[in-house]
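Student: Got a structure for you, query_1.cif, holding mmCIF, C-alpha atoms.
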```
data_protein
#
loop_
_atom_site.label_atom_id
_atom_site.label_comp_id
_atom_site.auth_asym_id
_atom_site.auth_seq_id
_atom_site.Cartn_x
_atom_site.Cartn_y
_atom_site.Cartn_z
CA MET A 1 0.00 0.00 0.00
CA ASN A 2 1.48 3.36 -0.89
CA GLU A 3 1.93 6.11 1.67
CA LYS A 4 -1.04 8.18 0.46
CA LYS A 5 -3.46 5.27 0.65
CA GLU A 6 -2.12 4.30 4.06
CA LYS A 7 -2.70 7.84 5.30
CA GLN A 8 -6.24 7.86 3.90
CA GLN A 9 -6.90 4.54 5.63
CA GLN A 10 -5.61 5.88 8.95
CA GLU A 11 -7.75 8.99 8.60
CA LYS A 12 -10.86 6.87 8.15
CA THR A 13 -10.42 5.36 11.58
CA ARG A 14 -9.60 8.58 13.44
CA THR A 15 -12.16 10.52 15.45
CA ARG A 16 -13.04 13.69 13.58
CA ILE A 17 -12.96 16.96 15.48
CA LEU A 18 -14.19 20.44 14.57
CA VAL A 19 -12.42 23.41 16.18
CA VAL A 20 -14.31 26.71 16.42
CA ASP A 21 -12.16 29.60 17.69
CA ASP A 22 -11.73 33.16 16.46
CA HIS A 23 -7.97 33.11 17.18
CA ASP A 24 -6.12 31.45 14.32
CA ILE A 25 -3.12 30.81 16.53
CA VAL A 26 -5.29 28.80 18.90
CA ARG A 27 -6.85 26.82 16.06
CA LYS A 28 -3.42 26.06 14.66
CA GLY A 29 -2.06 25.03 18.05
CA LEU A 30 -5.02 22.81 18.84
CA THR A 31 -4.76 21.18 15.45
CA LEU A 32 -1.07 20.40 16.06
CA LEU A 33 -1.89 19.08 19.52
CA ILE A 34 -4.80 16.90 18.42
CA ASN A 35 -3.29 15.61 15.17
CA GLN A 36 -0.31 14.16 16.97
CA GLU A 37 -2.68 11.69 18.61
CA PRO A 38 -2.92 8.60 16.39
CA ASP A 39 -6.67 8.19 16.83
CA LEU A 40 -7.77 11.84 16.68
CA MET A 41 -7.75 14.44 13.93
CA VAL A 42 -9.02 17.95 13.29
CA CYS A 43 -11.19 17.60 10.21
CA ALA A 44 -12.45 21.19 10.08
CA GLU A 45 -11.85 24.64 11.56
CA ALA A 46 -14.10 27.68 11.84
CA GLU A 47 -13.38 31.18 13.10
CA ASN A 48 -17.02 32.02 13.77
CA GLY A 49 -20.43 30.39 13.95
CA GLU A 50 -21.46 31.11 10.37
CA ASN A 51 -20.78 27.78 8.71
CA VAL A 52 -20.53 25.52 11.70
CA LEU A 53 -23.76 23.58 11.10
CA GLU A 54 -22.79 22.94 7.48
CA LEU A 55 -19.30 21.84 8.49
CA ILE A 56 -20.71 19.36 11.00
CA GLU A 57 -22.91 17.94 8.27
CA ASN A 58 -20.35 17.86 5.48
CA LYS A 59 -17.24 16.86 7.41
CA GLN A 60 -18.82 14.10 9.46
CA VAL A 61 -17.74 15.61 12.73
CA ASP A 62 -17.61 13.38 15.83
CA LEU A 63 -16.84 16.11 18.38
CA ALA A 64 -16.97 19.91 18.35
CA ILE A 65 -14.63 22.10 20.38
CA ILE A 66 -16.11 25.59 20.71
CA ASP A 67 -14.67 28.78 22.18
CA ILE A 68 -17.03 31.11 24.06
CA SER A 69 -15.94 34.39 22.49
CA LEU A 70 -16.53 34.39 18.75
CA ASN A 71 -16.80 37.27 16.31
CA ASP A 72 -20.38 36.85 15.20
CA THR A 73 -21.95 34.97 18.09
CA ASP A 74 -20.98 33.48 21.41
CA GLY A 75 -20.04 29.88 21.97
CA ILE A 76 -22.94 29.27 24.36
CA GLU A 77 -25.48 30.33 21.75
CA LEU A 78 -23.67 28.34 19.09
CA THR A 79 -23.67 25.26 21.34
CA GLN A 80 -27.45 25.59 21.70
CA LYS A 81 -27.84 25.71 17.92
CA VAL A 82 -25.52 22.77 17.37
CA LYS A 83 -27.18 20.65 20.04
CA SER A 84 -30.68 21.42 18.80
CA ARG A 85 -29.77 20.08 15.36
CA TYR A 86 -27.26 17.40 16.43
CA PRO A 87 -28.30 16.35 19.96
CA HIS A 88 -25.85 13.43 20.06
CA LEU A 89 -22.78 15.41 19.00
CA PRO A 90 -20.51 16.02 22.00
CA VAL A 91 -19.52 19.66 22.47
CA LEU A 92 -16.50 20.66 24.53
CA ILE A 93 -16.21 24.31 25.49
CA LEU A 94 -12.56 25.41 25.42
CA THR A 95 -12.15 28.95 26.65
CA MET A 96 -10.04 31.42 28.56
CA HIS A 97 -13.11 32.52 30.52
CA ASN A 98 -13.60 31.56 34.12
CA GLU A 99 -15.77 28.50 34.57
CA ALA A 100 -17.47 30.04 37.59
CA ILE A 101 -19.06 32.59 35.26
CA TYR A 102 -19.77 30.57 32.12
CA GLY A 103 -19.60 26.91 33.15
CA GLN A 104 -23.21 26.56 34.25
CA LYS A 105 -24.49 28.36 31.14
CA ALA A 106 -22.41 26.11 28.91
CA PHE A 107 -23.84 22.96 30.43
CA GLU A 108 -27.37 24.36 30.24
CA ALA A 109 -26.78 25.00 26.54
CA GLY A 110 -25.91 21.34 26.09
CA ALA A 111 -22.12 21.26 26.29
CA GLY A 112 -20.78 18.05 27.74
CA GLY A 113 -17.51 19.54 28.91
CA TYR A 114 -15.82 22.79 29.87
CA ILE A 115 -12.07 23.30 29.95
CA LYS A 116 -9.84 26.34 30.13
CA LYS A 117 -7.25 27.03 27.44
CA GLN A 118 -4.62 27.42 30.13
CA GLU A 119 -4.82 23.74 31.03
CA ALA A 120 -1.85 21.54 30.15
CA ALA A 121 -1.85 19.92 26.71
CA GLU A 122 -2.28 16.47 28.27
CA THR A 123 -5.34 17.66 30.18
CA ILE A 124 -6.93 18.99 26.99
CA ILE A 125 -6.41 15.62 25.30
CA THR A 126 -7.78 13.82 28.37
CA ALA A 127 -10.86 16.06 28.28
CA ILE A 128 -11.41 15.21 24.61
CA ARG A 129 -11.15 11.48 25.33
CA LEU A 130 -13.53 11.73 28.28
CA MET A 131 -16.00 13.55 26.07
CA LEU A 132 -15.78 10.77 23.50
CA SER A 133 -16.42 8.14 26.14
CA SER A 134 -19.61 10.06 27.04
CA LYS A 135 -18.31 10.92 30.47
CA GLY A 136 -17.99 14.66 29.94
CA TYR A 137 -15.32 16.87 31.48
CA THR A 138 -15.13 19.59 34.10
CA SER A 139 -12.32 20.68 36.33
CA VAL A 140 -12.34 19.25 39.86
CA ARG A 141 -13.30 22.64 41.25
CA MET A 142 -16.25 23.05 38.93
CA ALA A 143 -17.41 19.48 39.49
CA GLU A 144 -17.57 20.28 43.20
CA GLU A 145 -19.56 23.45 42.55
CA LEU A 146 -22.01 21.64 40.30
CA MET B 1 25.15 14.04 16.89
CA SER B 2 21.98 13.67 18.98
CA GLY B 3 18.77 15.44 18.05
CA THR B 4 19.18 17.84 20.96
CA GLU B 5 22.77 18.70 20.00
CA GLN B 6 21.67 19.24 16.43
CA GLU B 7 18.83 21.51 17.54
CA GLY B 8 21.24 23.35 19.82
CA ARG B 9 23.61 24.05 16.94
CA ILE B 10 20.80 25.19 14.68
CA CYS B 11 19.58 27.42 17.51
CA GLU B 12 23.03 28.98 17.89
CA LYS B 13 22.95 30.38 14.37
CA LYS B 14 19.50 31.89 14.62
CA LEU B 15 17.85 34.62 16.62
CA ARG B 16 17.08 32.90 19.92
CA ILE B 17 13.56 33.36 21.20
CA LEU B 18 11.86 32.66 24.51
CA ILE B 19 8.12 31.95 24.36
CA ALA B 20 6.19 32.67 27.57
CA ASP B 21 2.51 31.90 27.21
CA GLY B 22 0.06 30.21 29.53
CA HIS B 23 -1.82 28.49 26.71
CA PRO B 24 -0.16 25.26 25.58
CA ALA B 25 -1.95 25.28 22.24
CA VAL B 26 -0.69 28.78 21.52
CA ARG B 27 2.87 27.85 22.49
CA ARG B 28 2.71 24.83 20.20
CA ALA B 29 1.55 26.94 17.25
CA LEU B 30 4.08 29.70 17.86
CA ILE B 31 6.96 27.23 18.04
CA LYS B 32 5.88 25.59 14.81
CA LEU B 33 5.47 28.93 13.03
CA ILE B 34 8.69 30.48 14.23
CA ASN B 35 10.84 27.41 13.73
CA GLN B 36 9.81 27.29 10.07
CA SER B 37 11.93 30.38 9.57
CA ASN B 38 15.60 30.20 8.63
CA ASN B 39 16.44 33.10 10.91
CA PHE B 40 14.62 32.43 14.16
CA ALA B 41 14.38 29.56 16.61
CA VAL B 42 12.37 29.07 19.77
CA CYS B 43 14.99 27.83 22.17
CA LEU B 44 13.10 28.18 25.42
CA GLU B 45 9.51 28.14 26.60
CA ALA B 46 7.71 28.93 29.83
CA ASP B 47 4.12 29.07 30.97
CA ASN B 48 4.52 31.36 33.97
CA VAL B 49 6.52 34.38 35.12
CA PRO B 50 8.96 32.72 37.59
CA GLU B 51 9.83 30.01 35.07
CA ALA B 52 10.45 32.59 32.35
CA LEU B 53 12.70 34.70 34.58
CA GLU B 54 14.65 31.68 35.77
CA THR B 55 15.17 30.63 32.17
CA LEU B 56 16.42 34.08 31.25
CA ASN B 57 18.90 33.93 34.11
CA LYS B 58 20.39 30.71 32.83
CA GLN B 59 20.45 31.15 29.08
CA HIS B 60 20.94 33.88 26.56
CA VAL B 61 18.01 34.85 24.36
CA ASP B 62 17.72 37.60 21.77
CA MET B 63 14.02 38.23 22.18
CA ALA B 64 11.09 37.24 24.36
CA ILE B 65 7.54 36.71 23.16
CA ALA B 66 5.17 36.93 26.10
CA ASP B 67 1.46 36.67 26.69
CA ILE B 68 0.26 39.86 28.31
CA SER B 69 -1.42 37.92 31.14
CA LEU B 70 0.42 34.97 32.55
CA LYS B 71 -0.79 32.73 35.38
CA ASN B 72 -1.65 34.59 38.59
CA GLN B 73 0.07 37.78 37.45
CA HIS B 74 -1.25 41.18 36.52
CA THR B 75 -1.23 42.51 32.97
CA GLY B 76 2.29 43.00 31.66
CA ALA B 77 3.96 41.58 34.78
CA LEU B 78 6.52 39.52 32.91
CA ALA B 79 7.56 42.33 30.61
CA GLU B 80 8.00 44.64 33.60
CA LYS B 81 10.24 42.11 35.30
CA ILE B 82 12.20 41.39 32.15
CA ARG B 83 12.79 45.11 31.84
CA LEU B 84 14.40 45.10 35.27
CA GLN B 85 16.37 41.90 34.73
CA CYS B 86 17.37 42.32 31.07
CA PRO B 87 16.76 45.97 30.13
CA SER B 88 17.88 45.67 26.53
CA LEU B 89 15.91 42.54 25.68
CA PRO B 90 13.08 43.22 23.21
CA VAL B 91 9.75 41.85 24.29
CA LEU B 92 6.95 41.10 21.89
CA ILE B 93 3.63 41.13 23.71
CA LEU B 94 0.78 38.87 22.62
CA SER B 95 -2.76 39.20 23.85
CA MET B 96 -6.09 37.47 23.42
CA GLU B 97 -7.79 40.82 23.92
CA ASP B 98 -8.36 43.62 21.47
CA GLU B 99 -5.72 46.28 21.35
CA ALA B 100 -7.95 49.01 22.74
CA LEU B 101 -8.40 47.16 26.02
CA TYR B 102 -4.73 46.87 26.76
CA ALA B 103 -2.97 49.52 24.75
CA GLU B 104 -2.93 51.95 27.62
CA SER B 105 -1.51 49.51 30.14
CA VAL B 106 1.06 48.39 27.61
CA SER B 107 2.10 51.96 27.10
CA VAL B 108 2.23 52.65 30.82
CA THR B 109 4.41 49.64 31.51
CA ASP B 110 6.63 50.70 28.63
CA GLN B 111 6.37 47.48 26.69
CA LYS B 112 8.06 47.26 23.36
CA GLU B 113 5.75 45.41 21.06
CA TYR B 114 2.12 44.40 21.12
CA ILE B 115 0.16 41.94 18.99
CA VAL B 116 -3.44 40.84 19.07
CA LYS B 117 -3.51 37.06 18.88
CA LYS B 118 -6.35 37.04 16.39
CA ASN B 119 -3.84 37.83 13.68
CA ALA B 120 -0.83 36.19 15.20
CA THR B 121 -0.25 33.47 12.63
CA GLN B 122 -0.12 35.92 9.76
CA LYS B 123 1.92 38.54 11.52
CA ILE B 124 4.24 36.91 14.01
CA THR B 125 7.16 36.36 11.66
CA LYS B 126 6.82 39.85 10.26
CA ALA B 127 6.79 41.30 13.75
CA ILE B 128 9.90 39.39 14.74
CA GLN B 129 11.67 40.50 11.56
CA TYR B 130 10.73 44.05 12.45
CA ILE B 131 12.28 43.71 15.89
CA GLN B 132 15.36 42.18 14.31
CA THR B 133 15.68 45.22 12.07
CA LEU B 134 15.51 47.46 15.09
CA LEU B 135 18.15 45.37 16.83
CA ASN B 136 20.38 45.45 13.76
CA ASN B 137 20.09 49.21 13.79
CA ARG B 138 21.18 49.08 17.43
CA PHE B 139 17.97 50.45 18.81
CA LEU B 140 17.71 49.73 22.50
CA GLY B 141 15.19 50.75 25.09
CA PHE B 142 12.78 51.57 22.34
CA THR B 143 9.10 51.85 23.06
CA VAL B 144 7.00 50.82 20.13
CA LEU B 145 3.36 50.03 20.28
CA VAL B 146 2.62 47.67 17.45
CA SER B 147 -0.88 47.07 16.30
CA ILE B 148 -1.31 44.43 13.68
CA ASP B 149 -4.99 43.91 14.21
CA SER B 150 -6.84 44.31 10.93
CA GLY B 151 -7.92 47.83 10.14
CA THR B 152 -5.36 49.54 12.31
CA ILE B 153 -2.15 48.67 10.55
CA ASN B 154 -0.30 50.94 8.22
CA ASP B 155 1.48 49.91 5.03
CA THR B 156 4.34 48.26 6.82
CA GLY B 157 2.03 46.44 9.14
CA PHE B 158 3.26 48.34 12.17
CA LYS B 159 2.34 51.54 13.90
CA HIS B 160 4.89 53.40 15.96
CA LYS B 161 3.42 55.01 19.01
CA GLU B 162 6.70 56.21 20.28
CA LEU B 163 10.33 55.52 19.61
CA SER B 164 12.67 56.64 22.29
CA GLY B 165 16.38 56.19 22.79
CA TYR B 166 18.95 54.21 20.89
CA ARG B 167 22.64 53.70 21.12
#
```
Write out the structure in this file as structure tokens.
Tutor:
Amino acid sequence: MNEKKEKQQQEKTRTRILVVDDHDIVRKGLTLLINQEPDLMVCAEAENGENVLELIENKQVDLAIIDISLNDTDGIELTQKVKSRYPHLPVLILTMHNEAIYGQKAFEAGAGGYIKKQEAAETIITAIRLMLSSKGYTSVRMAEEL
Amino acid sequence: MSGTEQEGRICEKKLRILIADGHPAVRRALIKLINQSNNFAVCLEADNVPEALETLNKQHVDMAIADISLKNQHTGALAEKIRLQCPSLPVLILSMEDEALYAESVSVTDQKEYIVKKNATQKITKAIQYIQTLLNNRFLGFTVLVSIDSGTINDTGFKHKELSGYR
């Protein structure tokens, strides 16, 4: 099997992740972080909420990672939209905002997890895996508050 | 030669950069972007102020790129401390926030460069090249407020707020 076909085969088995963040540097970094995992890949990126529903449909997304602050909408509102059309799609909120302020709202909107961008790379990957195993993710502190 | 030795030698020939940012994804992207260049190399990274200062004590760097808000520190804390510890070291400030929110504090703390992260991937190399030009022209202690957010840049991509002192 040539290299290209092998790569295509590997991609078929990887979990497909959509990253929605208005900072291109964050999208790029997350993509690097996620793509180094053999079973995960970023299949699509968006800088705002405009085409997110179409991307989920067309790119066969298995998990969406959504920032709270976006240019044209906020991540909480976008999560609501996504969950109303794709109720089974796991949504992980990845943000720099304090969970004490936005965490509850994110879960009410249908997010299954909430993690801060400042968390270590390994913690972000762990959160993604927990989301995929339907366990959801919150920090210890937030779990206690909830 | 081991990979580390090889990287060390490559690093020696390039402009050595310290990345201090509390967001691992951002650090990862910056390292990738900067290391693609023939002239620059990220030789050190830190995710908090004490770690960054300790690193600067031990190793020589030509430039620091710092997030404006690092863990448990006020806005611009690292740049202030770098200024005390290494007064001639240029610092490029990155921020998640829009320029207007932080421009004043950046100016007050006498930072040297400022970038909004929204445009970082397109502009980071250009900004570093700009600082390199200033260094090559032996500018030191300069105070330049750089805005490379869309709509506020001039033709060169940079806007001087103030330029003071050179040797």
Student: Set out as JSON lines a contact list for chain A and chain B with a cut-off of 9 Å, giving each residue of chain A that qualifies its closest atom pair and distance in Å to one decimal, counting only C-alpha atoms, ordered by chain and rising residue number.
Tutor:
```
{"residue": "A:Asp22", "atom": "CA", "partner": "B:Lys118", "partner_atom": "CA", "distance": 6.6}
{"residue": "A:His23", "atom": "CA", "partner": "B:Lys118", "partner_atom": "CA", "distance": 4.3}
{"residue": "A:Asp24", "atom": "CA", "partner": "B:Lys118", "partner_atom": "CA", "distance": 6.0}
{"residue": "A:Ile25", "atom": "CA", "partner": "B:Thr121", "partner_atom": "CA", "distance": 5.5}
{"residue": "A:Val26", "atom": "CA", "partner": "B:Val26", "partner_atom": "CA", "distance": 5.3}
{"residue": "A:Arg27", "atom": "CA", "partner": "B:Ala25", "partner_atom": "CA", "distance": 8.0}
{"residue": "A:Lys28", "atom": "CA", "partner": "B:Ala29", "partner_atom": "CA", "distance": 5.7}
{"residue": "A:Gly29", "atom": "CA", "partner": "B:Ala29", "partner_atom": "CA", "distance": 4.2}
{"residue": "A:Leu30", "atom": "CA", "partner": "B:Ala25", "partner_atom": "CA", "distance": 5.2}
{"residue": "A:Thr31", "atom": "CA", "partner": "B:Ala25", "partner_atom": "CA", "distance": 8.4}
{"residue": "A:Leu32", "atom": "CA", "partner": "B:Ala29", "partner_atom": "CA", "distance": 7.1}
{"residue": "A:Leu33", "atom": "CA", "partner": "B:Ala25", "partner_atom": "CA", "distance": 6.8}
{"residue": "A:Met96", "atom": "CA", "partner": "B:Met96", "partner_atom": "CA", "distance": 8.9}
{"residue": "A:Lys116", "atom": "CA", "partner": "B:His23", "partner_atom": "CA", "distance": 9.0}
{"residue": "A:Lys117", "atom": "CA", "partner": "B:His23", "partner_atom": "CA", "distance": 5.7}
{"residue": "A:Gln118", "atom": "CA", "partner": "B:His23", "partner_atom": "CA", "distance": 4.5}
{"residue": "A:Glu119", "atom": "CA", "partner": "B:His23", "partner_atom": "CA", "distance": 7.1}
{"residue": "A:Ala120", "atom": "CA", "partner": "B:Pro24", "partner_atom": "CA", "distance": 6.1}
{"residue": "A:Ala121", "atom": "CA", "partner": "B:Pro24", "partner_atom": "CA", "distance": 5.7}
```
Student: Separation of CA of Gln36 in chain A and CA of Leu92 in chain A, in Å?
Tutor: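 We find that CA of Gln36 in chain A and CA of Leu92 in chain A lie 19.0 Å from each other.
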Student: Evaluate the PyMOL selection byres ((chain A and resi 6-12) around 10) here and jot the selected residues down as a CSV table (one decimal) with C-alpha atoms, in the coordinates of the input.
Tutor:
```
chain,number,residue,atom,x,y,z
A,1,MET,CA,0.0,0.0,0.0
A,2,ASN,CA,1.5,3.4,-0.9
A,3,GLU,CA,1.9,6.1,1.7
A,4,LYS,CA,-1.0,8.2,0.5
A,5,LYS,CA,-3.5,5.3,0.6
A,13,THR,CA,-10.4,5.4,11.6
A,14,ARG,CA,-9.6,8.6,13.4
A,15,THR,CA,-12.2,10.5,15.4
A,16,ARG,CA,-13.0,13.7,13.6
A,38,PRO,CA,-2.9,8.6,16.4
A,39,ASP,CA,-6.7,8.2,16.8
A,40,LEU,CA,-7.8,11.8,16.7
A,41,MET,CA,-7.8,14.4,13.9
A,43,CYS,CA,-11.2,17.6,10.2
```
Student: Restricting the calculation to all atoms listed in the file, which member of A:Gln104, A:Asn71, A:Thr79, A:Asn35 is positioned closest to Leu53 in chain A?
Tutor: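 Comparing A:Gln104, A:Asn71, A:Thr79, A:Asn35 against Leu53 in chain A, the winner is A:Thr79.
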Student: For the file shown, what are the residues hit by the PyMOL selection byres ((chain A and resi 134) around 12), laid out as a PDB file with C-alpha atoms, in the frame of the given file?
Tutor:
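Now in part01.pdb:
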```pdb
ATOM      1  CA  ASP A  62     -17.610  13.380  15.830  1.00  0.00           C
ATOM      2  CA  LEU A  63     -16.840  16.110  18.380  1.00  0.00           C
ATOM      3  CA  HIS A  88     -25.850  13.430  20.060  1.00  0.00           C
ATOM      4  CA  LEU A  89     -22.780  15.410  19.000  1.00  0.00           C
ATOM      5  CA  PRO A  90     -20.510  16.020  22.000  1.00  0.00           C
ATOM      6  CA  VAL A  91     -19.520  19.660  22.470  1.00  0.00           C
ATOM      7  CA  LEU A  92     -16.500  20.660  24.530  1.00  0.00           C
ATOM      8  CA  ALA A 111     -22.120  21.260  26.290  1.00  0.00           C
ATOM      9  CA  GLY A 112     -20.780  18.050  27.740  1.00  0.00           C
ATOM     10  CA  GLY A 113     -17.510  19.540  28.910  1.00  0.00           C
ATOM     11  CA  ALA A 127     -10.860  16.060  28.280  1.00  0.00           C
ATOM     12  CA  ILE A 128     -11.410  15.210  24.610  1.00  0.00           C
ATOM     13  CA  ARG A 129     -11.150  11.480  25.330  1.00  0.00           C
ATOM     14  CA  LEU A 130     -13.530  11.730  28.280  1.00  0.00           C
ATOM     15  CA  MET A 131     -16.000  13.550  26.070  1.00  0.00           C
ATOM     16  CA  LEU A 132     -15.780  10.770  23.500  1.00  0.00           C
ATOM     17  CA  SER A 133     -16.420   8.140  26.140  1.00  0.00           C
ATOM     18  CA  LYS A 135     -18.310  10.920  30.470  1.00  0.00           C
ATOM     19  CA  GLY A 136     -17.990  14.660  29.940  1.00  0.00           C
ATOM     20  CA  TYR A 137     -15.320  16.870  31.480  1.00  0.00           C
TER      21      TYR A 137
END
```
Student: Given all atoms listed in the file as the basis, pick out the residue of A:Val82, A:Val20, A:Ala46, A:Val52 nearest to Thr95 in chain A.
Tutor: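 For Thr95 in chain A, the nearest of the given residues is A:Val20.
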Student: Nearest to Ile34 in chain A: which of A:Ile65, A:Ala100, A:Ile115, A:Ile56 is it, counting all atoms listed in the file?
Tutor: A:Ile65
Student: Determine the nearest neighbour of Asn51 in chain A from the options A:Leu18, A:Ile76, A:Ile68, A:Ile125, counting all atoms listed in the file.
Tutor: A:Leu18
Student: When you draw a straight line from CA of Val42 in chain A to CA of Leu94 in chain A, how long is it in Å?
Tutor: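 CA of Leu94 in chain A lies at a distance of 14.7 Å from CA of Val42 in chain A.
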Student: Calculate how many Å separate CA of Glu108 in chain A from CA of Ile93 in chain A, rounding to one decimal.
Tutor: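 CA of Glu108 in chain A sits 12.1 Å away from CA of Ile93 in chain A.
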Student: Calculated over all atoms listed in the file, which of the candidates A:Asp21, A:Ala109, A:Glu47, A:Ile124 has the smallest distance to Pro87 in chain A?
Tutor: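 Closest to Pro87 in chain A, using all atoms listed in the file: A:Ala109.
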Student: Check which residues satisfy the PyMOL selection byres ((chain B and resi 90) around 7) in the file shown, then give them as an MDAnalysis selection string.
Tutor: chainID B and resid 63:64 88:89 91:92 112
Student: Check the smallest atom-to-atom distance from each of A:Asn98, A:Ile17, A:Tyr86, A:Asp72 to Lys59 in chain A using all atoms listed in the file, then report the winner.
Tutor: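 Of the candidates, the smallest distance to Lys59 in chain A is held by A:Ile17.
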Student: What's around range 40-45 of chain B at 10 Å? Count all atoms listed in the file, leave out sequence neighbours fewer than 3 positions away in its own chain, and write the answer as a tab-separated table (two decimals) with C-alpha atoms, in the coordinates of the input.
Tutor:
```tsv
chain	number	residue	atom	x	y	z
B	7	GLU	CA	18.83	21.51	17.54
B	8	GLY	CA	21.24	23.35	19.82
B	10	ILE	CA	20.80	25.19	14.68
B	11	CYS	CA	19.58	27.42	17.51
B	12	GLU	CA	23.03	28.98	17.89
B	13	LYS	CA	22.95	30.38	14.37
B	14	LYS	CA	19.50	31.89	14.62
B	15	LEU	CA	17.85	34.62	16.62
B	16	ARG	CA	17.08	32.90	19.92
B	17	ILE	CA	13.56	33.36	21.20
B	18	LEU	CA	11.86	32.66	24.51
B	19	ILE	CA	8.12	31.95	24.36
B	20	ALA	CA	6.19	32.67	27.57
B	21	ASP	CA	2.51	31.90	27.21
B	27	ARG	CA	2.87	27.85	22.49
B	28	ARG	CA	2.71	24.83	20.20
B	30	LEU	CA	4.08	29.70	17.86
B	31	ILE	CA	6.96	27.23	18.04
B	32	LYS	CA	5.88	25.59	14.81
B	33	LEU	CA	5.47	28.93	13.03
B	34	ILE	CA	8.69	30.48	14.23
B	35	ASN	CA	10.84	27.41	13.73
B	36	GLN	CA	9.81	27.29	10.07
B	37	SER	CA	11.93	30.38	9.57
B	48	ASN	CA	4.52	31.36	33.97
B	51	GLU	CA	9.83	30.01	35.07
B	52	ALA	CA	10.45	32.59	32.35
B	55	THR	CA	15.17	30.63	32.17
B	56	LEU	CA	16.42	34.08	31.25
B	59	GLN	CA	20.45	31.15	29.08
B	60	HIS	CA	20.94	33.88	26.56
B	61	VAL	CA	18.01	34.85	24.36
B	62	ASP	CA	17.72	37.60	21.77
B	63	MET	CA	14.02	38.23	22.18
B	64	ALA	CA	11.09	37.24	24.36
B	65	ILE	CA	7.54	36.71	23.16
B	66	ALA	CA	5.17	36.93	26.10
B	125	THR	CA	7.16	36.36	11.66
B	128	ILE	CA	9.90	39.39	14.74
B	129	GLN	CA	11.67	40.50	11.56
B	132	GLN	CA	15.36	42.18	14.31
```
